[in-house]
Every structure is written in structure tokens, then in C-alpha cells.
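Asks: So here's upload_37.txt, just compact mmCIF, C-alpha atoms:
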```
# COMPACT_ATOMS: atom_id res chain seq x y z
CA MET A 1 -34.52 -75.37 110.39
CA THR A 2 -32.25 -74.14 113.12
CA ALA A 3 -28.87 -75.73 112.90
CA ILE A 4 -27.40 -76.77 116.19
CA MET A 5 -23.70 -76.23 115.92
CA ALA A 6 -21.87 -78.46 118.30
CA GLY A 7 -19.48 -76.30 120.29
CA PRO A 8 -16.17 -78.13 120.19
CA VAL A 9 -14.56 -79.35 123.37
CA VAL A 10 -11.28 -77.67 124.15
CA GLU A 11 -8.95 -79.91 126.02
CA GLY A 12 -6.31 -78.61 128.38
CA ALA A 13 -7.73 -75.11 128.51
CA PRO A 14 -10.54 -73.43 130.38
CA HIS A 15 -13.82 -73.59 128.53
CA ASP A 16 -14.33 -70.28 126.93
CA HIS A 17 -17.37 -70.10 124.80
CA ASP A 18 -17.06 -66.70 123.25
CA VAL A 19 -16.84 -68.11 119.78
CA ASN A 20 -14.63 -67.13 116.91
CA GLU A 21 -14.43 -64.05 114.77
CA ASP A 22 -15.20 -65.28 111.29
CA GLY A 23 -17.50 -68.23 111.97
CA GLU A 24 -15.17 -70.81 110.45
CA LEU A 25 -16.48 -74.35 110.35
CA ILE A 26 -14.68 -77.66 110.43
CA ALA A 27 -16.03 -81.16 109.92
CA CYS A 28 -14.64 -84.11 111.84
CA VAL A 29 -12.82 -86.38 109.38
CA VAL A 30 -13.79 -89.44 111.42
CA CYS A 31 -17.53 -88.83 111.97
CA ASP A 32 -18.44 -85.76 109.88
CA ALA A 33 -19.79 -83.80 112.87
CA LEU A 34 -19.81 -80.07 112.20
CA HIS A 35 -18.06 -77.66 114.55
CA THR A 36 -17.37 -73.97 114.79
CA VAL A 37 -13.70 -73.19 115.26
CA PRO A 38 -12.85 -70.98 118.24
CA THR A 39 -9.46 -69.41 118.82
CA ILE A 40 -7.35 -72.32 120.02
CA PRO A 41 -5.39 -71.56 123.20
CA PRO A 42 -1.73 -72.60 123.29
CA LYS A 43 -1.07 -76.28 124.00
CA ALA A 44 -4.74 -77.09 123.47
CA ALA A 45 -6.39 -79.64 121.22
CA LEU A 46 -9.80 -79.12 119.73
CA ARG A 47 -11.74 -82.36 119.95
CA CYS A 48 -14.86 -83.60 118.22
CA VAL A 49 -17.88 -83.54 120.55
CA ARG A 50 -19.18 -86.77 119.11
CA CYS A 51 -16.23 -89.11 118.58
CA GLY A 52 -13.43 -87.35 120.49
CA ASN A 53 -11.06 -87.26 117.50
CA VAL A 54 -8.66 -84.30 117.43
CA LEU A 55 -9.98 -81.69 114.99
CA LEU A 56 -7.16 -79.17 115.31
CA ARG A 57 -4.27 -78.42 117.61
CA SER A 58 -2.53 -75.23 118.51
CA PRO A 59 0.61 -75.47 116.35
CA GLY A 60 3.03 -74.84 119.20
CA PRO A 61 6.45 -76.29 118.41
CA ALA A 62 4.98 -78.74 115.85
CA LEU A 63 6.60 -77.03 112.85
CA ASP A 64 10.01 -77.00 114.54
CA ARG A 65 9.69 -80.67 115.43
CA ILE A 66 8.63 -81.66 111.93
CA LEU A 67 11.59 -79.82 110.42
CA ALA A 68 14.03 -81.14 113.01
CA SER A 69 12.93 -84.70 112.41
CA ALA A 70 13.00 -84.25 108.63
CA PHE A 71 16.57 -82.92 108.68
CA THR A 72 17.89 -85.58 110.99
CA THR A 73 16.11 -88.35 109.09
CA VAL A 74 17.75 -87.34 105.82
CA ILE A 75 21.18 -86.93 107.38
CA LEU A 76 21.00 -90.18 109.33
CA VAL A 77 19.56 -92.36 106.57
CA VAL A 78 21.97 -91.07 103.95
CA SER A 79 25.04 -91.39 106.15
CA ALA A 80 23.91 -94.80 107.40
CA LEU A 81 24.30 -95.98 103.81
CA PHE A 82 28.06 -95.47 104.03
CA PHE A 83 28.89 -96.62 107.55
CA PRO A 84 29.34 -100.22 108.72
CA PHE A 85 26.03 -101.67 109.80
CA LEU A 86 26.34 -105.12 111.37
CA GLN A 87 29.02 -107.74 111.78
CA ILE A 88 29.07 -111.23 113.24
CA SER A 89 31.82 -113.69 114.01
CA ALA A 90 31.76 -117.32 115.05
CA SER A 91 34.30 -120.13 115.03
CA GLY A 92 36.87 -118.18 113.05
CA PHE A 93 34.49 -116.95 110.39
CA THR A 94 33.25 -113.40 110.15
CA SER A 95 30.64 -111.80 107.97
CA ALA A 96 29.32 -108.29 107.76
CA THR A 97 26.62 -106.36 106.01
CA THR A 98 25.79 -102.78 105.14
CA LEU A 99 22.36 -101.22 105.00
CA VAL A 100 22.39 -101.38 101.21
CA GLU A 101 23.40 -105.05 101.20
CA THR A 102 20.55 -105.76 103.61
CA ALA A 103 18.13 -104.04 101.24
CA PHE A 104 19.36 -106.36 98.49
CA ALA A 105 18.98 -109.52 100.60
CA PHE A 106 16.07 -110.81 98.56
CA LYS A 107 17.88 -110.57 95.25
CA GLY A 108 17.92 -113.73 93.18
CA GLY A 109 15.12 -116.22 92.78
CA LEU A 110 11.45 -115.67 93.29
CA THR A 111 11.84 -113.16 96.10
CA THR A 112 13.60 -110.59 93.85
CA PRO A 113 10.59 -108.20 93.76
CA LEU A 114 11.02 -107.76 97.51
CA THR A 115 14.28 -105.94 96.80
CA PHE A 116 12.25 -102.99 95.53
CA VAL A 117 9.98 -103.15 98.56
CA LEU A 118 12.98 -102.98 100.89
CA ILE A 119 14.83 -100.23 99.03
CA PHE A 120 11.68 -98.13 98.97
CA THR A 121 10.31 -98.72 102.47
CA ILE A 122 13.60 -98.30 104.33
CA ILE A 123 15.67 -95.91 102.20
CA VAL A 124 13.91 -94.08 99.37
CA LEU A 125 10.49 -93.28 100.86
CA PRO A 126 11.74 -92.00 104.24
CA ILE A 127 14.09 -89.62 102.39
CA ILE A 128 11.47 -88.44 99.88
CA ARG A 129 8.98 -87.94 102.69
CA ALA A 130 11.41 -85.89 104.76
CA LEU A 131 12.28 -83.71 101.76
CA ALA A 132 8.59 -83.19 100.90
CA LEU A 133 7.82 -82.20 104.50
CA THR A 134 10.70 -79.73 104.48
CA TRP A 135 9.53 -78.25 101.18
CA ALA A 136 6.01 -77.71 102.53
CA VAL A 137 6.74 -76.66 106.10
CA MET A 138 10.04 -74.74 105.97
CA PRO A 139 8.68 -71.54 104.33
CA ILE A 140 5.75 -71.45 106.75
CA ARG A 141 8.12 -71.68 109.68
CA LEU A 142 10.19 -68.83 108.25
CA ASN A 143 7.04 -66.77 107.66
CA LEU A 144 7.54 -66.78 103.91
CA ARG A 145 5.18 -67.54 101.06
CA PRO A 146 4.77 -71.29 100.56
CA LEU A 147 6.95 -72.67 97.77
CA PRO A 148 5.28 -73.71 94.51
CA GLN A 149 3.62 -77.12 94.85
CA ALA A 150 3.79 -76.88 98.66
CA LYS A 151 0.37 -78.50 98.92
CA ALA A 152 1.35 -81.29 96.54
CA ALA A 153 4.46 -81.89 98.63
CA PHE A 154 2.50 -82.09 101.87
CA ARG A 155 -0.04 -84.40 100.23
CA LEU A 156 2.80 -86.65 99.09
CA ALA A 157 4.31 -86.69 102.58
CA ASN A 158 1.00 -87.81 104.08
CA LEU A 159 0.44 -90.39 101.37
CA LEU A 160 3.88 -91.90 102.05
CA ARG A 161 3.49 -91.93 105.81
CA PRO A 162 2.25 -95.54 106.16
CA TRP A 163 4.74 -96.84 103.59
CA SER A 164 7.86 -95.29 105.02
CA MET A 165 8.82 -98.13 107.35
CA ILE A 166 12.25 -97.34 108.67
CA GLU A 167 11.16 -97.65 112.30
CA VAL A 168 9.56 -101.04 111.64
CA PHE A 169 12.81 -102.13 110.00
CA ILE A 170 14.85 -101.16 113.06
CA VAL A 171 12.69 -103.29 115.32
CA GLY A 172 13.16 -106.11 112.79
CA VAL A 173 16.94 -105.65 113.02
CA VAL A 174 16.84 -105.96 116.79
CA VAL A 175 14.72 -109.12 116.57
CA ALA A 176 17.17 -110.62 114.05
CA LEU A 177 20.13 -109.80 116.30
CA VAL A 178 18.56 -111.52 119.27
CA LYS A 179 17.90 -114.53 117.02
CA ILE A 180 21.60 -114.63 116.06
CA GLY A 181 22.80 -113.77 119.55
CA GLY A 182 23.05 -117.38 120.65
CA MET A 183 25.28 -118.62 117.84
CA ALA A 184 27.64 -115.77 117.03
CA LYS A 185 29.27 -112.66 118.38
CA VAL A 186 27.53 -109.56 117.05
CA GLY A 187 29.27 -106.26 116.31
CA LEU A 188 27.14 -103.13 115.94
CA GLY A 189 28.33 -100.48 113.49
CA LEU A 190 27.67 -96.76 113.47
CA ALA A 191 24.83 -97.18 110.96
CA PHE A 192 22.99 -99.35 113.47
CA TRP A 193 23.10 -96.64 116.13
CA GLU A 194 22.00 -94.04 113.61
CA LEU A 195 18.95 -96.11 112.77
CA LEU A 196 18.15 -96.53 116.44
CA LEU A 197 18.19 -92.74 116.74
CA ILE A 198 15.78 -92.47 113.81
CA LEU A 199 13.34 -94.73 115.67
CA ILE A 200 13.13 -92.17 118.48
CA ILE A 201 12.84 -89.26 116.06
CA VAL A 202 10.09 -90.89 114.02
CA ILE A 203 8.05 -91.51 117.16
CA LEU A 204 8.56 -87.89 118.24
CA GLU A 205 7.40 -86.66 114.85
CA ALA A 206 4.35 -88.91 114.80
CA THR A 207 3.14 -87.46 118.08
CA SER A 208 3.53 -83.84 117.04
CA LEU A 209 2.33 -83.84 113.44
CA CYS A 210 -1.33 -82.90 113.14
CA GLU A 211 -2.09 -83.08 109.42
CA LYS A 212 -5.29 -81.03 109.58
CA THR A 213 -3.64 -78.19 111.50
CA ILE A 214 -0.80 -77.92 108.98
CA TRP A 215 -3.33 -77.91 106.13
CA ARG A 216 -5.16 -75.00 107.73
CA ILE A 217 -1.94 -73.03 108.11
CA LEU A 218 -0.88 -73.84 104.54
CA GLU A 219 -4.18 -72.53 103.20
CA ARG A 220 -3.93 -69.29 105.14
CA LYS A 221 -0.34 -68.64 104.09
CA SER A 222 -1.11 -69.38 100.43
CA ARG A 223 -3.66 -66.57 100.30
CA TYR A 224 -1.26 -63.69 100.43
CA MET B 1 -10.07 -88.40 128.60
CA ALA B 2 -13.64 -88.05 129.86
CA HIS B 3 -15.83 -87.23 126.91
CA SER B 4 -18.76 -85.25 128.17
CA GLY B 5 -21.34 -87.99 128.65
CA THR B 6 -24.12 -85.86 127.27
CA GLU B 7 -24.56 -87.06 123.68
CA LYS B 8 -25.68 -83.79 122.15
CA GLN B 9 -27.73 -83.47 119.03
CA VAL B 10 -24.93 -83.47 116.48
CA LEU B 11 -25.27 -81.97 113.04
CA THR B 12 -23.05 -83.52 110.39
CA ALA B 13 -21.69 -81.63 107.41
CA ARG B 14 -23.77 -83.83 105.14
CA GLU B 15 -27.00 -83.13 107.04
CA ALA B 16 -26.22 -79.43 106.83
CA GLY B 17 -25.95 -79.72 103.05
CA LEU B 18 -22.20 -79.18 103.11
CA LEU B 19 -19.15 -81.21 102.14
CA GLY B 20 -16.58 -82.00 104.81
CA CYS B 21 -13.14 -82.89 103.47
CA GLY B 22 -12.07 -86.34 104.61
CA THR B 23 -8.42 -85.31 104.62
CA CYS B 24 -8.25 -81.86 106.21
CA GLY B 25 -11.76 -81.29 107.59
CA ARG B 26 -12.40 -78.08 105.67
CA VAL B 27 -16.07 -77.48 104.97
CA SER B 28 -17.10 -76.55 101.44
CA PRO B 29 -20.46 -75.81 99.79
CA LYS B 30 -22.19 -78.63 97.95
CA GLY B 31 -21.01 -79.03 94.38
CA THR B 32 -17.37 -78.27 95.14
CA THR B 33 -15.27 -80.99 93.50
CA VAL B 34 -11.81 -80.32 94.90
CA CYS B 35 -11.05 -79.19 98.44
CA PRO B 36 -9.65 -75.64 98.28
CA ARG B 37 -7.45 -76.30 101.33
CA CYS B 38 -5.72 -79.59 100.56
CA GLU B 39 -6.66 -80.07 96.89
CA THR B 40 -7.94 -83.63 97.32
CA PRO B 41 -11.13 -84.64 95.50
CA LEU B 42 -14.15 -83.90 97.70
CA HIS B 43 -16.72 -86.53 98.48
CA SER B 44 -19.32 -86.47 101.21
CA ARG B 45 -18.44 -90.16 101.60
CA ARG B 46 -15.68 -91.77 99.57
CA PRO B 47 -17.32 -93.59 96.64
CA GLY B 48 -16.96 -97.37 96.58
CA SER B 49 -15.22 -97.36 99.94
CA ILE B 50 -16.71 -100.62 101.21
CA GLU B 51 -16.27 -102.40 97.87
CA LYS B 52 -12.59 -101.47 97.85
CA VAL B 53 -12.20 -102.62 101.45
CA TRP B 54 -13.62 -106.05 100.60
CA ALA B 55 -11.59 -106.42 97.39
CA TRP B 56 -8.25 -105.69 99.09
CA TRP B 57 -9.29 -107.68 102.16
CA LEU B 58 -9.87 -110.75 100.00
CA ALA B 59 -6.55 -110.23 98.19
CA GLY B 60 -4.84 -109.96 101.58
CA ILE B 61 -6.33 -113.26 102.77
CA PHE B 62 -5.39 -115.03 99.53
CA ALA B 63 -1.78 -113.86 99.88
CA TYR B 64 -1.69 -114.81 103.56
CA ILE B 65 -2.36 -118.50 102.80
CA PRO B 66 0.82 -119.24 100.78
CA ALA B 67 2.69 -116.98 103.20
CA ASN B 68 2.01 -119.58 105.86
CA LEU B 69 2.38 -122.72 103.77
CA TYR B 70 5.71 -122.00 102.07
CA PRO B 71 9.05 -121.57 103.84
CA MET B 72 9.95 -118.11 105.08
CA LEU B 73 13.58 -118.94 105.76
CA ARG B 74 16.02 -121.64 104.65
CA THR B 75 18.67 -122.31 107.26
CA SER B 76 21.77 -124.19 106.35
CA PHE B 77 23.74 -125.36 109.36
CA LEU B 78 26.90 -127.44 108.82
CA GLY B 79 25.63 -128.46 105.42
CA ARG B 80 22.22 -129.48 106.64
CA GLU B 81 19.43 -127.44 105.09
CA GLN B 82 16.20 -126.79 106.90
CA ASP B 83 13.15 -124.83 105.77
CA SER B 84 11.02 -123.08 108.29
CA THR B 85 7.63 -121.48 107.89
CA ILE B 86 6.42 -118.51 109.91
CA VAL B 87 4.97 -120.66 112.67
CA GLY B 88 7.92 -123.06 112.41
CA GLY B 89 10.29 -120.15 113.05
CA VAL B 90 8.37 -119.22 116.17
CA ILE B 91 8.56 -122.82 117.42
CA ASP B 92 12.34 -122.85 116.79
CA LEU B 93 12.67 -119.70 118.87
CA ILE B 94 10.74 -121.29 121.71
CA HIS B 95 13.06 -124.33 121.57
CA HIS B 96 16.03 -121.97 121.85
CA GLY B 97 14.44 -120.41 124.90
CA SER B 98 13.97 -116.95 123.32
CA PHE B 99 10.44 -116.57 124.57
CA LEU B 100 10.22 -112.79 124.28
CA ILE B 101 11.39 -112.76 120.66
CA ALA B 102 9.12 -115.71 119.87
CA ALA B 103 6.25 -113.70 121.29
CA ILE B 104 7.14 -110.61 119.25
CA VAL B 105 7.40 -112.57 115.99
CA PHE B 106 4.25 -114.54 116.73
CA PHE B 107 2.42 -111.35 117.56
CA ALA B 108 3.61 -109.47 114.46
CA SER B 109 3.21 -112.32 111.96
CA VAL B 110 0.20 -114.23 113.20
CA ILE B 111 -1.85 -112.38 115.80
CA ILE B 112 -1.78 -108.97 114.08
CA PRO B 113 -2.59 -110.17 110.54
CA VAL B 114 -5.31 -112.57 111.63
CA SER B 115 -7.01 -110.15 114.00
CA LYS B 116 -6.69 -107.48 111.34
CA PHE B 117 -8.67 -109.62 108.91
CA PHE B 118 -11.38 -110.06 111.52
CA ALA B 119 -11.38 -106.40 112.55
CA VAL B 120 -11.52 -104.94 109.03
CA GLY B 121 -14.14 -107.51 108.02
CA TYR B 122 -16.21 -106.67 111.08
CA LEU B 123 -15.98 -102.92 110.46
CA ALA B 124 -16.94 -103.24 106.80
CA TRP B 125 -19.76 -105.66 107.62
CA THR B 126 -21.31 -103.53 110.35
CA VAL B 127 -21.35 -100.37 108.24
CA LYS B 128 -24.50 -101.65 106.59
CA GLY B 129 -25.83 -103.94 109.26
CA ARG B 130 -26.06 -103.88 113.00
CA ALA B 131 -23.04 -103.74 115.27
CA HIS B 132 -22.66 -105.20 118.73
CA ILE B 133 -20.28 -102.51 119.86
CA SER B 134 -20.71 -98.74 119.87
CA GLU B 135 -19.47 -96.31 117.23
CA HIS B 136 -16.83 -95.17 119.70
CA GLN B 137 -15.46 -98.66 120.12
CA ARG B 138 -15.51 -99.29 116.38
CA THR B 139 -13.62 -96.04 115.80
CA VAL B 140 -10.97 -97.13 118.28
CA LEU B 141 -10.79 -100.50 116.53
CA TYR B 142 -10.36 -98.72 113.19
CA GLU B 143 -7.55 -96.55 114.55
CA VAL B 144 -5.75 -99.50 116.11
CA VAL B 145 -5.99 -101.46 112.85
CA GLU B 146 -4.62 -98.52 110.87
CA PHE B 147 -1.76 -97.98 113.27
CA VAL B 148 -0.70 -101.55 113.80
CA GLY B 149 -0.88 -102.97 110.26
CA ARG B 150 2.55 -101.90 109.03
CA TRP B 151 4.29 -103.47 112.02
CA SER B 152 3.54 -106.88 110.52
CA MET B 153 6.40 -106.20 108.12
CA ILE B 154 8.84 -106.96 110.96
CA ASP B 155 9.19 -110.59 109.95
CA VAL B 156 10.10 -109.71 106.37
CA PHE B 157 12.81 -107.37 107.68
CA VAL B 158 14.08 -110.02 110.08
CA VAL B 159 14.51 -112.43 107.16
CA ALA B 160 16.33 -109.74 105.16
CA VAL B 161 18.80 -109.03 107.97
CA LEU B 162 19.44 -112.72 108.62
CA ALA B 163 20.00 -113.48 104.94
CA ALA B 164 22.30 -110.49 104.42
CA LEU B 165 24.25 -110.79 107.64
CA VAL B 166 24.66 -114.45 108.41
CA ASN B 167 26.88 -115.90 105.76
CA LEU B 168 29.50 -117.87 107.65
CA GLY B 169 30.42 -120.09 104.75
CA PHE B 170 29.80 -123.73 105.47
CA VAL B 171 28.95 -123.22 109.12
CA VAL B 172 25.69 -121.38 108.87
CA ASN B 173 23.82 -119.25 106.41
CA PHE B 174 20.27 -118.13 105.74
CA LYS B 175 18.32 -117.77 102.52
CA PRO B 176 14.97 -116.05 102.21
CA GLY B 177 11.99 -118.20 101.25
CA ILE B 178 9.16 -117.43 98.86
CA ALA B 179 6.73 -116.99 101.77
CA ALA B 180 8.40 -113.65 102.55
CA PHE B 181 7.13 -112.36 99.22
CA PHE B 182 3.54 -113.48 99.83
CA PHE B 183 3.65 -112.20 103.37
CA ALA B 184 4.75 -108.71 102.27
CA LEU B 185 1.99 -108.73 99.65
CA SER B 186 -0.55 -109.69 102.27
CA VAL B 187 0.57 -106.88 104.59
CA ALA B 188 0.38 -104.32 101.77
CA PHE B 189 -3.07 -105.50 100.62
CA THR B 190 -4.53 -105.37 104.13
CA MET B 191 -3.03 -101.93 104.69
CA ILE B 192 -4.72 -100.67 101.52
CA SER B 193 -7.94 -102.37 102.61
CA ALA B 194 -7.94 -100.55 105.95
CA LEU B 195 -6.97 -97.25 104.31
CA SER B 196 -9.90 -97.58 101.89
CA LEU B 197 -12.45 -97.51 104.69
CA ASP B 198 -14.10 -94.13 105.11
CA PRO B 199 -14.52 -93.89 108.91
CA ARG B 200 -17.48 -91.56 108.51
CA LEU B 201 -19.51 -94.56 107.34
CA ILE B 202 -19.16 -96.04 110.83
CA TRP B 203 -21.07 -93.09 112.26
CA ASP B 204 -23.70 -92.65 109.56
CA ASN B 205 -26.34 -94.88 111.11
CA SER B 206 -25.89 -93.60 114.62
CA THR B 207 -28.57 -90.83 114.32
CA GLY B 208 -27.27 -89.36 117.56
CA ASP B 209 -29.85 -90.98 119.82
CA GLY B 210 -27.03 -92.40 121.88
CA ALA B 211 -28.98 -95.55 122.66
CA SER B 212 -25.88 -97.61 123.34
CA ASP B 213 -25.03 -96.89 126.95
CA GLU B 214 -21.96 -94.66 127.00
```
Is it possible to express this structure as C-alpha cells?

Replies:
Amino acid sequence: MTAIMAGPVVEGAPHDHDVNEDGELIACVVCDALHTVPTIPPKAALRCVRCGNVLLRSPGPALDRILASAFTTVILVVSALFFPFLQISASGFTSATTLVETAFAFKGGLTTPLTFVLIFTIIVLPIIRALALTWAVMPIRLNLRPLPQAKAAFRLANLLRPWSMIEVFIVGVVVALVKIGGMAKVGLGLAFWELLLILIIVILEATSLCEKTIWRILERKSRY
Amino acid sequence: MAHSGTEKQVLTAREAGLLGCGTCGRVSPKGTTVCPRCETPLHSRRPGSIEKVWAWWLAGIFAYIPANLYPMLRTSFLGREQDSTIVGGVIDLIHHGSFLIAAIVFFASVIIPVSKFFAVGYLAWTVKGRAHISEHQRTVLYEVVEFVGRWSMIDVFVVAVLAALVNLGFVVNFKPGIAAFFFALSVAFTMISALSLDPRLIWDNSTGDGASDE
């Protein structure tokens, strides 16, 4: 039986069908179609011929962006814990909250378990994820041997990705502020602006992180 | 974006007698149990994928019912207490004239969860049966569902901010309602449900004849 290897479509680069050196194969994680891996030109994405899903990307500045976003996330989230977050005033009364107090908003009564959900989704998991990414990616970027448990760290970072919800929280904050807007004067603290910055960074990271590409690099670097 | 319209004869890793990793795409010989690249357990198709999807899907629906029946937020304004449910909160916003915010909350708390139940149910159902839309369209649906699910948590965060921030003594304050708990559960269950679906199952019946136009 002659196997017909689908030649992958290279996007953003001239089609160049002189195929790879070592005959490496990759299967599409979405549809299982088998492809041979050519040398990927800079700024190009290798797409599945059947479903169009990205198989691999040329790394480009992806590692730098991952590290930059990891550093800033840790710095911003941690410092946001200590700066004023939000304040309102109306008819002589004022009240304020910090990020930590917001995380504890569900304390007391039947909603207490939600306290853990909030602390984890908006504070703990984003920090753990950023640290895990740094652990896995930093040595690669510096052309060093991967640290012990680098693969475990990268697996953890990917596992936590859907559950680290800081950017969803920020949009929630904005919605809440508009809700309050009519009845009180709102003061925005430094922590609020830091979180807004994280929103942009998280979106930047999401568009540059290609999990499969990093895995391939990690495997190659672990060999030596 | 133009995918080359020619639907070529595609060989899958499974047909070639190989194992494709569902996490990193690395191809391994049959019999390999753990992917050498990313160290996740290797399965040609994730075992029990559809059963898990249905189990979490059902749990998500069960949690979504009390999330809508019980109050999400208790507002106390000049000593008068008022409970509002998810939909009630949206109606309040409309009365205040905040149409954009009402739309965002309605979208995140009602439209997304409900359409997610339909979408995940449809995807799981059509894996074994016959679908009305192409594999491409179902893959897009799957990706949208995966991406959008977590944004439903917005309403829970809104309640948290309101309860923590607005505490102007007798004038006005907010307390979270039990529905917030069920709603968060529902979001988590449906996220797990969608994550349990092995997208390769969507393509398994396609046989590459490309009958569906496009």
C-alpha cells in the first residue's frame, strides 16, 4: 500500500516542495491527518491540508513574548495585591476595596466555596502559570539545557490555561463599574490600571503561543 | 484563508498504523503508551471521550437550572432588600438605560451558556450519527465553544466586585446570592465537557470523499 503523505500547506511563504531532511511526521491534533514536516520559513505557519488547523509555526519572537508576558503578569498581579483597587463615594459615604477583598466577596453563607474559585482563578493560577511557563521556556530562550521537570512545567501551564481567568475578571470589573456608575462616584486605583494592562498582555500571549511548536523545541533541546 | 479546494486523499495517523499525540502532534509507533515529546498518555482517540462529554454536559445543565431560579444578587437600597436573578438583573439594567451592559451580561450569562449546551450536545451527538453541517463547520463550532466558555464567568465576577465594593452603610449594599455558586459550577462543568471532546472524532467518519460541497 502506497501511503499518500499530504504535503502541508505553508501559509505566508512561497510553496517550496523540496521536503525535509529527516522525514519527520506530524499528525494534526484536530483531525489526525498525517503530514511531513518541511523546514518552516520565518513568519510562516504550517497548516493541516484537511482541516486548516495550525500544525506548527516558525518560533519567531514567540519565546520572547511568552517570557515577557509571564514576567509582567507576575509583577502586575503581585503588586496589584498591595495597591488600592476601587473606591466609590455617594451622599457622604465612601467605601473601597482591594483585589484581595474582592476575592473574598463570597465569604460567609452558602457561597463560601466561591472564595476558593476566585482566589485561584484571578490570583493563584495566573501566577503559577506564569512561573511554570518561565521555568519551561527561559532556558530554551537562553540556549541552555531545559531545567529538570521542564516538560511537566509546560504541561501544567497548558492545563491551567483555561482556568486562569484574570482577563475575564477584568471585563467583569468594568461591567460592575458601569453598573455602579449611575449611583456613585467611582475612583480607580493603581491596581485597576495594572489589571487592565494584564488584559492586553494576556491577549498578546494567547496569539503568539503555539503549544505544539514549543513542545517540538523542548523535545529537541532535551536530547543533548 | 482560502483552503485549497481540492480535498486530497488524506491519510490519518491511525490509518497509517501510527499514533498521533492529541496534545503535541508527535507521531509514534503503535504500542507506545506515553508520548516521548510531551509525556502525555498516548491514545489514537481519547478513551471514553463522548461518555465524559455527556456526563459533564448533564451536570452543567443541572447546575444551570438553580443558577437561574435562585437570586444572584441581593440589593439593599435605603433599607429595602431586593433579590434579583440573572435575567432579573438584565431587566434592571435595561430599566436603567444601560443597554450595552445589559447586552453584555445577557450574552455572557444566558446566550453563551445556552448555546454552548446546544453546540456541545450537537457535536457529541453527530460524532456517531449524521451531521447537517460539514466537518469544517463543526470544527469551527468546537473551537468557538472552547474559546468562549470561560467568558461566562463574567457575571460571577461582577457580583464579587459589587459585593466587595458597594458597602455604603444604610444607603446601598450588595450581597451575593446562592445562584452565583451554581452558575460558577455550571460554567466549570460545561468547560470540562467541551475539553473532554476529542476533536479527531469529528473527522473520523469523513472518509475524505469530500461529498459535502466545500

Asks: Set the distance at 12 Å and use only C-alpha atoms: which residues neighbour Gly182 of chain A once local chain neighbours fewer than 6 positions away are removed? I'd like the list as a ChimeraX atom specification.

Replies: /A:88-90,176 /B:93,96-98

Asks: Can you spit out the residues from that selection as a short mmCIF file (atom, residue, chain, number, x, y, z; two decimals), keeping the file's coordinate frame, using C-alpha atoms?

Replies:
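out_12.cif written:
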```cif
data_model
loop_
_atom_site.label_atom_id
_atom_site.label_comp_id
_atom_site.auth_asym_id
_atom_site.auth_seq_id
_atom_site.Cartn_x
_atom_site.Cartn_y
_atom_site.Cartn_z
CA ILE A 88 29.07 -111.23 113.24
CA SER A 89 31.82 -113.69 114.01
CA ALA A 90 31.76 -117.32 115.05
CA ALA A 176 17.17 -110.62 114.05
CA LEU B 93 12.67 -119.70 118.87
CA HIS B 96 16.03 -121.97 121.85
CA GLY B 97 14.44 -120.41 124.90
CA SER B 98 13.97 -116.95 123.32
#
```

Asks: Can you pull out the residues contacting Thr72 of chain A? Cut-off 10 Å, using only C-alpha atoms, and skip same-chain residues under 5 positions away; I want them as a list in words.

Replies: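 Residues meeting the cut-off are Leu67, Val77, Val78, Ala130, Glu194, Leu197, Ile198, Ile201 and Val202 of chain A.
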
Asks: Would you mind listing, for every residue of segment 50-108 of chain B within 8 Å of segment 117-138 of chain B, the two atoms forming the shortest contact and the distance between them in Å to one decimal, using only C-alpha atoms, sorted by chain and ascending residue number, as a Markdown table?

Replies:
```
| residue | atom | partner | partner_atom | distance |
| --- | --- | --- | --- | --- |
| B:Ile50 | CA | B:Ala124 | CA | 6.2 |
| B:Val53 | CA | B:Ala124 | CA | 7.2 |
| B:Trp54 | CA | B:Ala124 | CA | 7.6 |
| B:Trp57 | CA | B:Phe117 | CA | 7.1 |
| B:Ile61 | CA | B:Phe117 | CA | 7.5 |
```

Asks: Residues of the last selection are to be written out with C-alpha atoms, as a compact mmCIF listing (two decimals), in the frame of the given file.

Replies:
```txt
# COMPACT_ATOMS: atom_id res chain seq x y z
CA ILE B 50 -16.71 -100.62 101.21
CA VAL B 53 -12.20 -102.62 101.45
CA TRP B 54 -13.62 -106.05 100.60
CA TRP B 57 -9.29 -107.68 102.16
CA ILE B 61 -6.33 -113.26 102.77
```

Asks: Please measure the separation of atom CA of Glu15 of chain B and atom CA of Arg200 of chain B, giving the value in Å to one decimal.

Replies: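 For atom CA of Glu15 of chain B relative to atom CA of Arg200 of chain B, the distance reads 12.8 Å.
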
Asks: Between atom CA of Trp151 of chain B and atom CA of Leu195 of chain B, what distance in Å does the model show, to one decimal?

Replies: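 Atom-to-atom, atom CA of Trp151 of chain B to atom CA of Leu195 of chain B, that is 15.0 Å.
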
Asks: Pull the neighbourhood of (23.2, -97.0, 115.0) for me: all residues within 10 Å in file coordinates, counting all atoms listed in the file, as a short mmCIF file (atom, residue, chain, number, x, y, z; two decimals) with C-alpha atoms, keeping the file's coordinate frame.

Replies:
```
data_model
loop_
_atom_site.label_atom_id
_atom_site.label_comp_id
_atom_site.auth_asym_id
_atom_site.auth_seq_id
_atom_site.Cartn_x
_atom_site.Cartn_y
_atom_site.Cartn_z
CA LEU A 76 21.00 -90.18 109.33
CA ALA A 80 23.91 -94.80 107.40
CA PHE A 83 28.89 -96.62 107.55
CA PRO A 84 29.34 -100.22 108.72
CA PHE A 85 26.03 -101.67 109.80
CA LEU A 86 26.34 -105.12 111.37
CA ILE A 170 14.85 -101.16 113.06
CA LEU A 188 27.14 -103.13 115.94
CA GLY A 189 28.33 -100.48 113.49
CA LEU A 190 27.67 -96.76 113.47
CA ALA A 191 24.83 -97.18 110.96
CA PHE A 192 22.99 -99.35 113.47
CA TRP A 193 23.10 -96.64 116.13
CA GLU A 194 22.00 -94.04 113.61
CA LEU A 195 18.95 -96.11 112.77
CA LEU A 196 18.15 -96.53 116.44
CA LEU A 197 18.19 -92.74 116.74
CA ILE A 198 15.78 -92.47 113.81
#
```

Asks: Hey, what's within 9 Å of Leu177 of chain A if we count all atoms listed in the file and toss same-chain stuff fewer than 5 positions away? As an NGL selection string, please?

Replies: (:A and (172 or 186)) or (:B and (158 or 161-162))

Asks: With distances taken over only C-alpha atoms, which of B:Val187, B:Lys116, B:Phe77, B:Phe182 is nearest to Arg150 of chain B?

Replies: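 Closest to Arg150 of chain B, using only C-alpha atoms: B:Val187.
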